[in-house]
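query.cif follows (mmCIF, C-alpha atoms; chains and numbers go by the auth columns):
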data_entry
loop_
_atom_site.group_PDB
_atom_site.id
_atom_site.type_symbol
_atom_site.label_atom_id
_atom_site.label_comp_id
_atom_site.label_asym_id
_atom_site.label_seq_id
_atom_site.Cartn_x
_atom_site.Cartn_y
_atom_site.Cartn_z
_atom_site.B_iso_or_equiv
_atom_site.auth_seq_id
_atom_site.auth_asym_id
ATOM 1 C CA MET A 1 0.192 40.685 26.140 0.00 1 A
ATOM 2 C CA LYS A 2 -2.257 43.554 25.725 0.00 2 A
ATOM 3 C CA LYS A 3 -3.085 44.587 22.192 0.00 3 A
ATOM 4 C CA SER A 4 -3.495 48.294 21.542 0.00 4 A
ATOM 5 C CA ASN A 5 -6.841 47.808 19.770 0.00 5 A
ATOM 6 C CA ASP A 6 -8.480 45.841 22.595 0.00 6 A
ATOM 7 C CA THR A 7 -11.514 47.429 24.186 0.00 7 A
ATOM 8 C CA PHE A 8 -12.434 46.942 27.818 0.00 8 A
ATOM 9 C CA ASN A 9 -16.088 47.283 28.844 0.00 9 A
ATOM 10 C CA VAL A 10 -16.983 48.907 32.151 0.00 10 A
ATOM 11 C CA ILE A 11 -20.588 48.307 33.156 0.00 11 A
ATOM 12 C CA LEU A 12 -22.346 50.128 35.992 0.00 12 A
ATOM 13 C CA LEU A 13 -25.634 49.264 37.662 0.00 13 A
ATOM 14 C CA ASP A 14 -26.712 52.181 39.845 0.00 14 A
ATOM 15 C CA ASP A 15 -30.228 53.542 40.299 0.00 15 A
ATOM 16 C CA ASP A 16 -28.907 57.071 40.904 0.00 16 A
ATOM 17 C CA GLU A 17 -28.451 58.933 37.620 0.00 17 A
ATOM 18 C CA GLU A 18 -26.137 61.564 39.151 0.00 18 A
ATOM 19 C CA ASP A 19 -23.845 58.863 40.529 0.00 19 A
ATOM 20 C CA ALA A 20 -23.807 57.196 37.112 0.00 20 A
ATOM 21 C CA LEU A 21 -22.771 60.463 35.453 0.00 21 A
ATOM 22 C CA LEU A 22 -20.011 60.936 38.006 0.00 22 A
ATOM 23 C CA VAL A 23 -18.700 57.407 37.407 0.00 23 A
ATOM 24 C CA ARG A 24 -18.869 57.946 33.640 0.00 24 A
ATOM 25 C CA ASP A 25 -16.752 61.093 34.008 0.00 25 A
ATOM 26 C CA VAL A 26 -14.191 59.249 36.141 0.00 26 A
ATOM 27 C CA ILE A 27 -13.951 56.337 33.684 0.00 27 A
ATOM 28 C CA ASP A 28 -13.777 58.660 30.651 0.00 28 A
ATOM 29 C CA GLU A 29 -10.971 60.645 32.278 0.00 29 A
ATOM 30 C CA TYR A 30 -9.095 57.455 33.159 0.00 30 A
ATOM 31 C CA ALA A 31 -9.433 56.239 29.551 0.00 31 A
ATOM 32 C CA ARG A 32 -8.135 59.560 28.259 0.00 32 A
ATOM 33 C CA ILE A 33 -5.144 59.670 30.593 0.00 33 A
ATOM 34 C CA SER A 34 -4.245 55.988 30.237 0.00 34 A
ATOM 35 C CA ASP A 35 -4.915 55.910 26.482 0.00 35 A
ATOM 36 C CA LYS A 36 -6.973 52.735 26.932 0.00 36 A
ATOM 37 C CA LYS A 37 -10.017 51.909 24.851 0.00 37 A
ATOM 38 C CA ILE A 38 -12.890 51.690 27.300 0.00 38 A
ATOM 39 C CA LYS A 39 -16.607 51.473 26.567 0.00 39 A
ATOM 40 C CA PHE A 40 -18.831 52.547 29.442 0.00 40 A
ATOM 41 C CA TYR A 41 -22.377 51.256 29.910 0.00 41 A
ATOM 42 C CA ALA A 42 -24.721 52.432 32.665 0.00 42 A
ATOM 43 C CA PHE A 43 -27.973 50.839 33.779 0.00 43 A
ATOM 44 C CA GLN A 44 -30.454 52.008 36.390 0.00 44 A
ATOM 45 C CA LYS A 45 -32.540 48.828 36.622 0.00 45 A
ATOM 46 C CA PRO A 46 -31.450 45.216 37.179 0.00 46 A
ATOM 47 C CA GLU A 47 -33.484 43.607 34.364 0.00 47 A
ATOM 48 C CA PRO A 48 -31.918 45.397 31.364 0.00 48 A
ATOM 49 C CA PHE A 49 -28.513 45.117 33.040 0.00 49 A
ATOM 50 C CA GLN A 50 -28.842 41.335 33.432 0.00 50 A
ATOM 51 C CA LYS A 51 -30.086 40.922 29.852 0.00 51 A
ATOM 52 C CA PHE A 52 -27.143 42.986 28.615 0.00 52 A
ATOM 53 C CA LEU A 53 -24.684 40.734 30.483 0.00 53 A
ATOM 54 C CA GLN A 54 -26.337 37.595 29.102 0.00 54 A
ATOM 55 C CA ASP A 55 -26.230 38.907 25.537 0.00 55 A
ATOM 56 C CA MET A 56 -22.687 40.257 25.726 0.00 56 A
ATOM 57 C CA VAL A 57 -20.247 38.144 23.770 0.00 57 A
ATOM 58 C CA GLU A 58 -17.206 40.170 24.826 0.00 58 A
ATOM 59 C CA THR A 59 -15.259 38.689 27.689 0.00 59 A
ATOM 60 C CA ARG A 60 -13.202 41.756 28.507 0.00 60 A
ATOM 61 C CA HIS A 61 -15.399 43.580 30.957 0.00 61 A
ATOM 62 C CA MET A 62 -16.035 44.359 34.592 0.00 62 A
ATOM 63 C CA VAL A 63 -19.008 45.523 36.619 0.00 63 A
ATOM 64 C CA PHE A 64 -19.479 48.207 39.254 0.00 64 A
ATOM 65 C CA LEU A 65 -22.590 47.259 41.198 0.00 65 A
ATOM 66 C CA ASP A 66 -24.492 49.577 43.548 0.00 66 A
ATOM 67 C CA VAL A 67 -25.459 47.879 46.803 0.00 67 A
ATOM 68 C CA LYS A 68 -28.564 49.886 47.712 0.00 68 A
ATOM 69 C CA MET A 69 -31.221 49.916 45.007 0.00 69 A
ATOM 70 C CA PRO A 70 -35.009 49.940 45.393 0.00 70 A
ATOM 71 C CA GLU A 71 -36.100 47.034 43.155 0.00 71 A
ATOM 72 C CA MET A 72 -33.347 44.526 43.861 0.00 72 A
ATOM 73 C CA ASP A 73 -30.312 45.188 46.013 0.00 73 A
ATOM 74 C CA GLY A 74 -26.809 44.715 44.682 0.00 74 A
ATOM 75 C CA PHE A 75 -26.230 41.572 46.740 0.00 75 A
ATOM 76 C CA SER A 76 -29.181 39.874 45.023 0.00 76 A
ATOM 77 C CA VAL A 77 -27.899 40.967 41.611 0.00 77 A
ATOM 78 C CA LEU A 78 -24.425 39.686 42.492 0.00 78 A
ATOM 79 C CA LYS A 79 -25.869 36.294 43.454 0.00 79 A
ATOM 80 C CA LYS A 80 -27.658 36.105 40.087 0.00 80 A
ATOM 81 C CA ILE A 81 -24.467 37.001 38.221 0.00 81 A
ATOM 82 C CA ARG A 82 -22.490 34.326 40.066 0.00 82 A
ATOM 83 C CA GLN A 83 -25.059 31.591 39.301 0.00 83 A
ATOM 84 C CA SER A 84 -23.736 31.089 35.766 0.00 84 A
ATOM 85 C CA ILE A 85 -20.297 29.830 34.765 0.00 85 A
ATOM 86 C CA ALA A 86 -19.679 32.953 32.661 0.00 86 A
ATOM 87 C CA GLY A 87 -20.886 35.155 35.529 0.00 87 A
ATOM 88 C CA ARG A 88 -18.304 33.667 37.868 0.00 88 A
ATOM 89 C CA ARG A 89 -15.567 35.024 35.617 0.00 89 A
ATOM 90 C CA ILE A 90 -16.815 38.611 35.524 0.00 90 A
ATOM 91 C CA PRO A 91 -14.965 40.933 37.894 0.00 91 A
ATOM 92 C CA VAL A 92 -17.605 42.629 40.063 0.00 92 A
ATOM 93 C CA VAL A 93 -16.769 45.531 42.353 0.00 93 A
ATOM 94 C CA MET A 94 -19.493 46.604 44.751 0.00 94 A
ATOM 95 C CA TYR A 95 -20.023 50.360 44.840 0.00 95 A
ATOM 96 C CA SER A 96 -21.895 51.694 47.861 0.00 96 A
ATOM 97 C CA SER A 97 -22.524 54.641 50.143 0.00 97 A
ATOM 98 C CA SER A 98 -22.249 52.190 53.035 0.00 98 A
ATOM 99 C CA ASP A 99 -18.963 51.679 54.815 0.00 99 A
ATOM 100 C CA ALA A 100 -20.522 49.195 57.257 0.00 100 A
ATOM 101 C CA GLU A 101 -18.229 46.250 57.920 0.00 101 A
ATOM 102 C CA SER A 102 -21.241 43.913 57.580 0.00 102 A
ATOM 103 C CA ASP A 103 -21.939 45.160 54.016 0.00 103 A
ATOM 104 C CA ILE A 104 -18.298 44.835 53.026 0.00 104 A
ATOM 105 C CA GLN A 105 -18.093 41.322 54.473 0.00 105 A
ATOM 106 C CA ARG A 106 -21.366 40.330 52.794 0.00 106 A
ATOM 107 C CA ALA A 107 -20.005 41.523 49.436 0.00 107 A
ATOM 108 C CA TYR A 108 -16.914 39.331 49.747 0.00 108 A
ATOM 109 C CA ASP A 109 -18.954 36.416 51.130 0.00 109 A
ATOM 110 C CA ASN A 110 -20.988 36.585 47.899 0.00 110 A
ATOM 111 C CA ALA A 111 -17.853 36.539 45.706 0.00 111 A
ATOM 112 C CA ALA A 112 -17.429 40.237 44.948 0.00 112 A
ATOM 113 C CA ASN A 113 -13.958 41.063 43.651 0.00 113 A
ATOM 114 C CA GLY A 114 -13.813 44.413 45.427 0.00 114 A
ATOM 115 C CA TYR A 115 -15.708 47.048 47.372 0.00 115 A
ATOM 116 C CA ILE A 116 -15.524 50.812 46.835 0.00 116 A
ATOM 117 C CA GLU A 117 -17.301 53.341 48.999 0.00 117 A
ATOM 118 C CA LYS A 118 -19.203 56.013 47.063 0.00 118 A
ATOM 119 C CA SER A 119 -17.630 59.385 47.518 0.00 119 A
ATOM 120 C CA TYR A 120 -18.039 62.863 46.145 0.00 120 A
ATOM 121 C CA ASP A 121 -14.341 63.358 46.818 0.00 121 A
ATOM 122 C CA LEU A 122 -13.351 63.175 43.175 0.00 122 A
ATOM 123 C CA LYS A 123 -9.719 62.380 43.981 0.00 123 A
ATOM 124 C CA TYR A 124 -10.672 59.320 46.092 0.00 124 A
ATOM 125 C CA LEU A 125 -13.306 58.133 43.632 0.00 125 A
ATOM 126 C CA SER A 126 -11.014 58.593 40.660 0.00 126 A
ATOM 127 C CA TYR A 127 -8.151 56.742 42.339 0.00 127 A
ATOM 128 C CA SER A 128 -10.340 53.838 43.548 0.00 128 A
ATOM 129 C CA MET A 129 -12.213 53.273 40.317 0.00 129 A
ATOM 130 C CA SER A 130 -9.175 53.803 38.108 0.00 130 A
ATOM 131 C CA ALA A 131 -7.200 51.280 40.158 0.00 131 A
ATOM 132 C CA ALA A 132 -9.994 48.711 39.793 0.00 132 A
ATOM 133 C CA VAL A 133 -10.296 49.296 36.045 0.00 133 A
ATOM 134 C CA GLU A 134 -6.511 49.197 35.642 0.00 134 A
ATOM 135 C CA PHE A 135 -6.224 45.922 37.546 0.00 135 A
ATOM 136 C CA PHE A 136 -9.157 44.089 35.994 0.00 136 A
ATOM 137 C CA GLY A 137 -8.526 45.613 32.557 0.00 137 A
ATOM 138 C CA THR A 138 -4.949 44.405 32.585 0.00 138 A
ATOM 139 C CA VAL A 139 -5.978 40.931 33.733 0.00 139 A
ATOM 140 C CA ASN A 140 -8.747 40.674 31.123 0.00 140 A
ATOM 141 C CA LEU A 141 -6.729 42.020 28.203 0.00 141 A
ATOM 142 C CA GLN A 142 -3.906 39.492 28.408 0.00 142 A
#
Conversion result in structure tokens:
Amino acid sequence: MKKSNDTFNVILLDDDEEDALLVRDVIDEYARISDKKIKFYAFQKPEPFQKFLQDMVETRHMVFLDVKMPEMDGFSVLKKIRQSIAGRRIPVVMYSSSDAESDIQRAYDNAANGYIEKSYDLKYLSYSMSAAVEFFGTVNLQ
């Protein structure tokens, strides 16, 4: 059963600062409305993101992972996450401007837990991300 003092960590890796701010706003609003304790972390580069995941002791977290990034694409980062036992347990939702069936299939083939298309339609984005956080937050807080 969920404890009221449990905190759920939402971690984003996205090279676009504006997208990261938009996601932060969506997650903050969801936390406010749902009265859940959520900490949001955003990273623009894979290296500090991966170090953060390795150092994180908390097990109650999920990741939103951008697919298209200049240094290392999201699929490569996902593969690195899934290489460790702990990384296999982290819910990872790919977050991309691509709606190509091949990208969606590749995400699931590499063990992504979900796929959300980037959108500036705040209603769609809010619903999609909130549903993912609600689902994985509930699962991880039990």
Check what the PyMOL selection byres ((chain A and resi 133) around 12) selects in the file above and give those residues as a count of residues only. 42
Taking (-13.3, 65.8, 39.0) in the file's own coordinates, collect the residues within 10 Å, counting all atoms listed in the file, and hand them back as a ChimeraX atom specification. /A:22,25-26,29,120-126
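The shell of residues at most 10 Å from stretch 76-89 of chain A, with all atoms listed in the file counted and near chain neighbours (fewer than 2 positions) removed, consists of Leu13, Pro46, Glu47, Phe49, Gln50, Leu53, Gln54, Thr59, His61, Met62, Val63, Leu65, Asp66, Val67, Met72, Asp73, Gly74, Pro91, Val92, Val93, Met94, Ala107, Asn110, Ala111, Ala112 and Asn140 of chain A.
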Apply the PyMOL selection byres ((chain A and resi 98) around 10) to the file shown and report the selected residues as an MDAnalysis selection string. chainID A and resid 67:68 95:97 99:104 116:118
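Interatomic distance, atom CA of A:Leu12 against atom CA of A:Phe43: 6.1 Å.
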Choose the residue, out of A:Asp109, A:Asp35, A:Asp19, A:Asp14, that has the smallest atom-to-atom separation from A:Pro70; count all atoms listed in the file.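 Of the candidates, the smallest distance to A:Pro70 is held by A:Asp14.
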